[in-house]
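Enquirer: Pasting a structure here, questions to come.
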Amino acid sequence: MSIRIDSLTKKFAGRALFDHISLDIPLDKTTVMAGSSGCGKTTLLRIIAGLDRDYDGSVSGVPERISFMFQEDRLLPWYSVYQNIEFVLKDVMGRTQMHDVVNEIIAAVQLTGHEDKLPSKLSGGMKRRVAMARAFCCPADLLLLDEPFKGFDAKLKSDMIALFERLYVKTNKTVILVTHDDIAGLGRDIIDLDGIRSMKA
Amino acid sequence: MVLNKSGRFKRIRNITLVILFWFAVWQIVSLIVNQPLLMPSPSETFSSLGMLLVTSKFWLSVAFTFYRVVFGLAISVVTGIVLAFMASRSAALDNLLRPVVAAIKSTPVMSIIVLALVWFSESFVPVFSCVLLCFPIFYTNTLTGIRSVSGNLLEMSAVFRVRRKRVIKEVIIPSVLPHVYSALSVCLGFSWKSVVAAEVLSSPKYSMGFNLYATKLYLNTAELFAWTLTIIVISLIVEKGLKGILPKGNTL
């Protein structure tokens, strides 16, 4: 069982970012996608998530329910921390369960006491943790993480990595993680996008 | 802006001082001109206003003009917002409306009023003028608001499979509202000006504009000032009242 990318070609302004690349991403595992800046890691995540359909080739086996932590925080500026997390849960669970889930994840990302704050009142790292909490608590069969630990100090980074390990790595959930951080140990599979692209070239 | 008690007191004191300053300037100018027909003093104006206040004609005129302003604004808000939402989804409708809106925007208010005089009853002319003046502002502002809705937030909602109805209510509408408030802020002033100007020309029985026109006929400048003062005060009250009703952060 895997997500299969077959002969994928993606062009930007006439230049091929991916030229007939093929790869398999295993399910029930954390896969780390590595590569230099601009090698197309984010683009590949967007293609897998179905947000970018302007390509040739095929992408199959992508689970139905996806959760995504984007490179940008993408928080609703008029909603509080609590409401931003609640926003993605309202359609999938009841009020009581949602309340418990939101409070639990807020505590897990160390934002207890900041529930009612608007994003404009949060630091960059706090906003990042709200986005992380939102992605982690949404029930999904595939979690896509784009630079999730960027902007955290060393202590916070290690805490968040531990949380990620507890919630995802140890429970064998399907995760595709894009990162520049040296946390390759987290992923049992590593995709070197630079290598895949150069092989085709 | 949140002000504490002493801050609020300072603000009120400053506003009062500014008003008193301009009243003093008015008094001095009227003394220099020394012709009540050209420049009545504040006391003459207020005594004229006092006499108006006890007449039923005054209150009926205020009520009917107020009704025309509200009616004209309501039509502009509804048509402007609805058509903007439709145009945001249909390029054909946008292309169709764009030249009309541009033409209305550059048409002089007087042309609109004179044209309306030919088409409508004298009571509806002020409403029509108000709509033609305010509708393009609501339409263009709302359309700009819809187009400025963050693509990132829409993508995020799509990935998390948030229902369409909730995306409209929780993402699109909150993004568009500041633009609608800004249109409302501009149109509040415009609506009073256009309605009263149209009333001067169309002369409906009960209207502030008709009373303004009558003061000119009888060369009653003090009453002209009294009516003008009334219009300014009501317009300010409406603006402040709306500011109180609308959510915090509005641009009124």
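Following the order of the structure tokens, chains are lettered A, B, ..., residues in each are numbered from 1, and ligands are numbered from 1.
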Mind checking which residues fall within 10 Å of Gly50 of chain A, counting only C-alpha atoms, ignoring those fewer than 4 positions away in the same chain, and posting them as a list in words?
Expert: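 Near Gly50 of chain A, the qualifying residues are Leu44, Leu45, Arg46, Asp54, Val59, Val62 and Ile66 of chain A; Ala158 and Val159 of chain B.
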Enquirer: Skip Phe138 of chain B itself and residues of its chain fewer than 3 positions away, then list as number ranges by chain all residues within 9 Å of it, counting only C-alpha atoms.
Expert: B: 76-81, 84, 134-135, 141-143, 179-180, 182-184, 187
Enquirer: Show which residues sit within 10 Å of Ala34 of chain A, as an MDAnalysis selection string. Count only C-alpha atoms, and ignore same-chain residues fewer than 5 positions away.
Expert: chainID A and resid 39:41 177:181 184 190:195
Enquirer: Hey, what's within 7 Å of segment 15-22 of chain A if we count only C-alpha atoms and toss same-chain stuff fewer than 4 positions away? As a list of chain:residue names, please?
Expert: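 Near segment 15-22 of chain A, the qualifying residues are A:Ile5, A:Asp6, A:Ser7, A:Leu8, A:Thr9, A:Lys10, A:Lys11, A:Gly40, A:Ile196, A:Arg197, A:Lys200.
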Enquirer: Those same residues, written as a JSON list (two decimals), in the first residue's frame with C-alpha atoms?
Expert:
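Writing done, so here's out01.json:
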```
[["chain", "number", "residue", "atom", "x", "y", "z"],
["A", 5, "ILE", "CA", 3.48, 9.07, -8.25],
["A", 6, "ASP", "CA", 4.00, 8.05, -11.83],
["A", 7, "SER", "CA", 5.85, 9.94, -14.53],
["A", 8, "LEU", "CA", 5.07, 13.29, -12.96],
["A", 9, "THR", "CA", 5.98, 16.34, -15.01],
["A", 10, "LYS", "CA", 5.45, 19.79, -13.60],
["A", 11, "LYS", "CA", 6.50, 22.99, -15.28],
["A", 40, "GLY", "CA", 9.93, 21.20, -5.39],
["A", 196, "ILE", "CA", 15.19, 11.68, -7.81],
["A", 197, "ARG", "CA", 15.18, 14.77, -10.00],
["A", 200, "LYS", "CA", 15.70, 11.63, -14.37]]
```
Enquirer: For the contact check between chain B and chain A, emit one row per residue of chain B within 12 Å, containing the shortest atom pair and the distance in Å rounded to one decimal, counting only C-alpha atoms, chain then rising number order, as a Markdown table.
Expert:
```
| residue | atom | partner | partner_atom | distance |
| --- | --- | --- | --- | --- |
| B:Val149 | CA | A:Leu76 | CA | 11.1 |
| B:Ser150 | CA | A:Arg74 | CA | 9.1 |
| B:Gly151 | CA | A:Arg74 | CA | 9.8 |
| B:Asn152 | CA | A:Arg74 | CA | 6.3 |
| B:Leu153 | CA | A:Arg74 | CA | 5.8 |
| B:Leu154 | CA | A:Arg74 | CA | 9.4 |
| B:Glu155 | CA | A:Leu51 | CA | 7.2 |
| B:Met156 | CA | A:Arg74 | CA | 7.0 |
| B:Ser157 | CA | A:Val88 | CA | 7.5 |
| B:Ala158 | CA | A:Leu51 | CA | 8.5 |
| B:Val159 | CA | A:Ile66 | CA | 6.6 |
| B:Phe160 | CA | A:Val88 | CA | 6.0 |
| B:Arg161 | CA | A:Val88 | CA | 7.8 |
| B:Val162 | CA | A:Val88 | CA | 6.4 |
| B:Arg163 | CA | A:Asp91 | CA | 7.2 |
| B:Arg164 | CA | A:Asp91 | CA | 10.9 |
| B:Lys165 | CA | A:Asp91 | CA | 11.1 |
| B:Arg166 | CA | A:Phe87 | CA | 9.1 |
| B:Val167 | CA | A:Phe87 | CA | 9.7 |
| B:Lys169 | CA | A:Phe87 | CA | 11.5 |
| B:Glu170 | CA | A:Phe87 | CA | 8.6 |
| B:Val171 | CA | A:Leu76 | CA | 7.4 |
| B:Ile172 | CA | A:Leu76 | CA | 10.6 |
| B:Ile173 | CA | A:Trp78 | CA | 11.2 |
| B:Pro174 | CA | A:Trp78 | CA | 7.6 |
| B:Ser175 | CA | A:Trp78 | CA | 9.0 |
| B:Leu177 | CA | A:Trp78 | CA | 11.5 |
| B:Pro178 | CA | A:Trp78 | CA | 11.5 |
| B:Pro247 | CA | A:Trp78 | CA | 11.4 |
| B:Lys248 | CA | A:Trp78 | CA | 11.0 |
| B:Gly249 | CA | A:Trp78 | CA | 10.4 |
```
Enquirer: Hey, what does DSSP flag as helix (DSSP H, G or I) within segment 114-219 of chain B? Can you give it to me as a ChimeraX atom specification?
Expert: /B:114-119,125-147,151-159,164-202,208-217
Enquirer: Give me, please, the distance in Å between atom CA of Asp94 of chain B and atom CA of Pro126 of chain B, quoted to one decimal.
Expert: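 We find that atom CA of Asp94 of chain B and atom CA of Pro126 of chain B lie 27.3 Å from each other.
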Enquirer: At a cut-off of 9 Å, using only C-alpha atoms, what residues contact Val109 of chain B? Leave out same-chain residues fewer than 2 positions from it and give the result as a compact mmCIF listing (two decimals) with C-alpha atoms, in the first residue's frame.
Expert:
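Below is the file that was written, part26.txt:
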```
# COMPACT_ATOMS: atom_id res chain seq x y z
CA SER B 106 -18.67 59.86 -13.35
CA THR B 107 -22.20 61.20 -13.92
CA SER B 111 -27.71 65.12 -14.08
CA ILE B 112 -28.95 62.15 -12.08
CA ILE B 113 -31.45 64.28 -10.17
CA VAL B 114 -32.77 66.06 -13.26
CA SER B 129 -30.43 59.77 -6.59
CA LEU B 132 -27.32 55.88 -8.05
CA LEU B 133 -24.68 57.62 -5.99
CA SER B 194 -27.68 63.55 -2.44
CA ALA B 197 -29.98 68.05 -2.98
CA ALA B 198 -32.62 65.99 -4.81
```
Enquirer: One decimal, in Å: what's the spacing between atom CA of Cys137 of chain A and atom CA of Asp189 of chain A?
Expert: 23.7 Å
Enquirer: Looking at A:Gln71, A:Ile25, A:Phe164, A:Ser58, which one is nearest to Lys127 of chain A, with distances taken over only C-alpha atoms?
Expert: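 Among A:Gln71, A:Ile25, A:Phe164, A:Ser58, it is A:Gln71 that comes nearest to Lys127 of chain A.
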Enquirer: As an NGL selection string, please: every residue in segment 7-178 of chain A that a backbone DSSP assignment puts in strand (DSSP E or B).
Expert: :A and (7-12 or 15-26 or 30-34 or 56-60 or 66-69 or 142-146 or 175-178)
Enquirer: Any chance you could export the current selection's C-alpha atoms as an mmCIF file, in the first residue's frame?
Expert:
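Full text of part11.cif as output:
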```cif
data_model
loop_
_atom_site.group_PDB
_atom_site.id
_atom_site.type_symbol
_atom_site.label_atom_id
_atom_site.label_comp_id
_atom_site.auth_asym_id
_atom_site.auth_seq_id
_atom_site.Cartn_x
_atom_site.Cartn_y
_atom_site.Cartn_z
ATOM 1 C CA SER A 7 5.847 9.940 -14.535
ATOM 2 C CA LEU A 8 5.074 13.293 -12.962
ATOM 3 C CA THR A 9 5.983 16.338 -15.014
ATOM 4 C CA LYS A 10 5.455 19.789 -13.599
ATOM 5 C CA LYS A 11 6.502 22.992 -15.282
ATOM 6 C CA PHE A 12 6.921 26.517 -13.966
ATOM 7 C CA ARG A 15 10.972 25.271 -16.977
ATOM 8 C CA ALA A 16 10.463 21.692 -15.835
ATOM 9 C CA LEU A 17 10.532 21.358 -12.043
ATOM 10 C CA PHE A 18 9.773 17.642 -12.291
ATOM 11 C CA ASP A 19 10.519 15.785 -15.493
ATOM 12 C CA HIS A 20 8.816 12.395 -15.548
ATOM 13 C CA ILE A 21 9.674 11.486 -11.970
ATOM 14 C CA SER A 22 8.170 8.411 -10.327
ATOM 15 C CA LEU A 23 8.162 7.420 -6.680
ATOM 16 C CA ASP A 24 6.284 5.444 -4.071
ATOM 17 C CA ILE A 25 5.478 6.830 -0.665
ATOM 18 C CA PRO A 26 4.573 4.110 1.823
ATOM 19 C CA THR A 30 6.464 8.748 8.383
ATOM 20 C CA THR A 31 8.328 9.670 5.242
ATOM 21 C CA VAL A 32 10.729 12.565 5.329
ATOM 22 C CA MET A 33 11.085 14.466 2.087
ATOM 23 C CA ALA A 34 14.467 16.128 1.862
ATOM 24 C CA ASP A 56 1.198 15.656 -16.361
ATOM 25 C CA GLY A 57 1.457 12.115 -15.044
ATOM 26 C CA SER A 58 -0.560 10.447 -12.344
ATOM 27 C CA VAL A 59 -0.871 10.482 -8.580
ATOM 28 C CA SER A 60 -2.790 7.610 -7.024
ATOM 29 C CA ILE A 66 -5.933 14.818 4.572
ATOM 30 C CA SER A 67 -4.551 17.169 7.186
ATOM 31 C CA PHE A 68 -1.960 19.732 6.162
ATOM 32 C CA MET A 69 0.367 21.983 8.086
ATOM 33 C CA LEU A 142 -2.628 11.394 5.705
ATOM 34 C CA LEU A 143 -0.777 14.219 7.411
ATOM 35 C CA LEU A 144 1.323 16.560 5.294
ATOM 36 C CA LEU A 145 3.803 18.728 7.162
ATOM 37 C CA ASP A 146 5.713 21.486 5.436
ATOM 38 C CA VAL A 175 2.884 11.297 7.350
ATOM 39 C CA ILE A 176 4.874 13.101 4.696
ATOM 40 C CA LEU A 177 7.218 15.555 6.338
ATOM 41 C CA VAL A 178 9.190 18.240 4.567
#
```
Enquirer: Set the distance at 12 Å and use only C-alpha atoms: which residues neighbour Leu163 of chain A once local chain neighbours fewer than 2 positions away are removed? I'd like the list as number ranges by chain.
Expert: A: 105-110, 129, 132-133, 136-137, 149, 156-161, 165-171, 186
Enquirer: Expressed in Å to a single decimal, how great is the separation between atom CA of Phe128 of chain B and atom CA of Ile104 of chain B?
Expert: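 So the answer is 12.3 Å.
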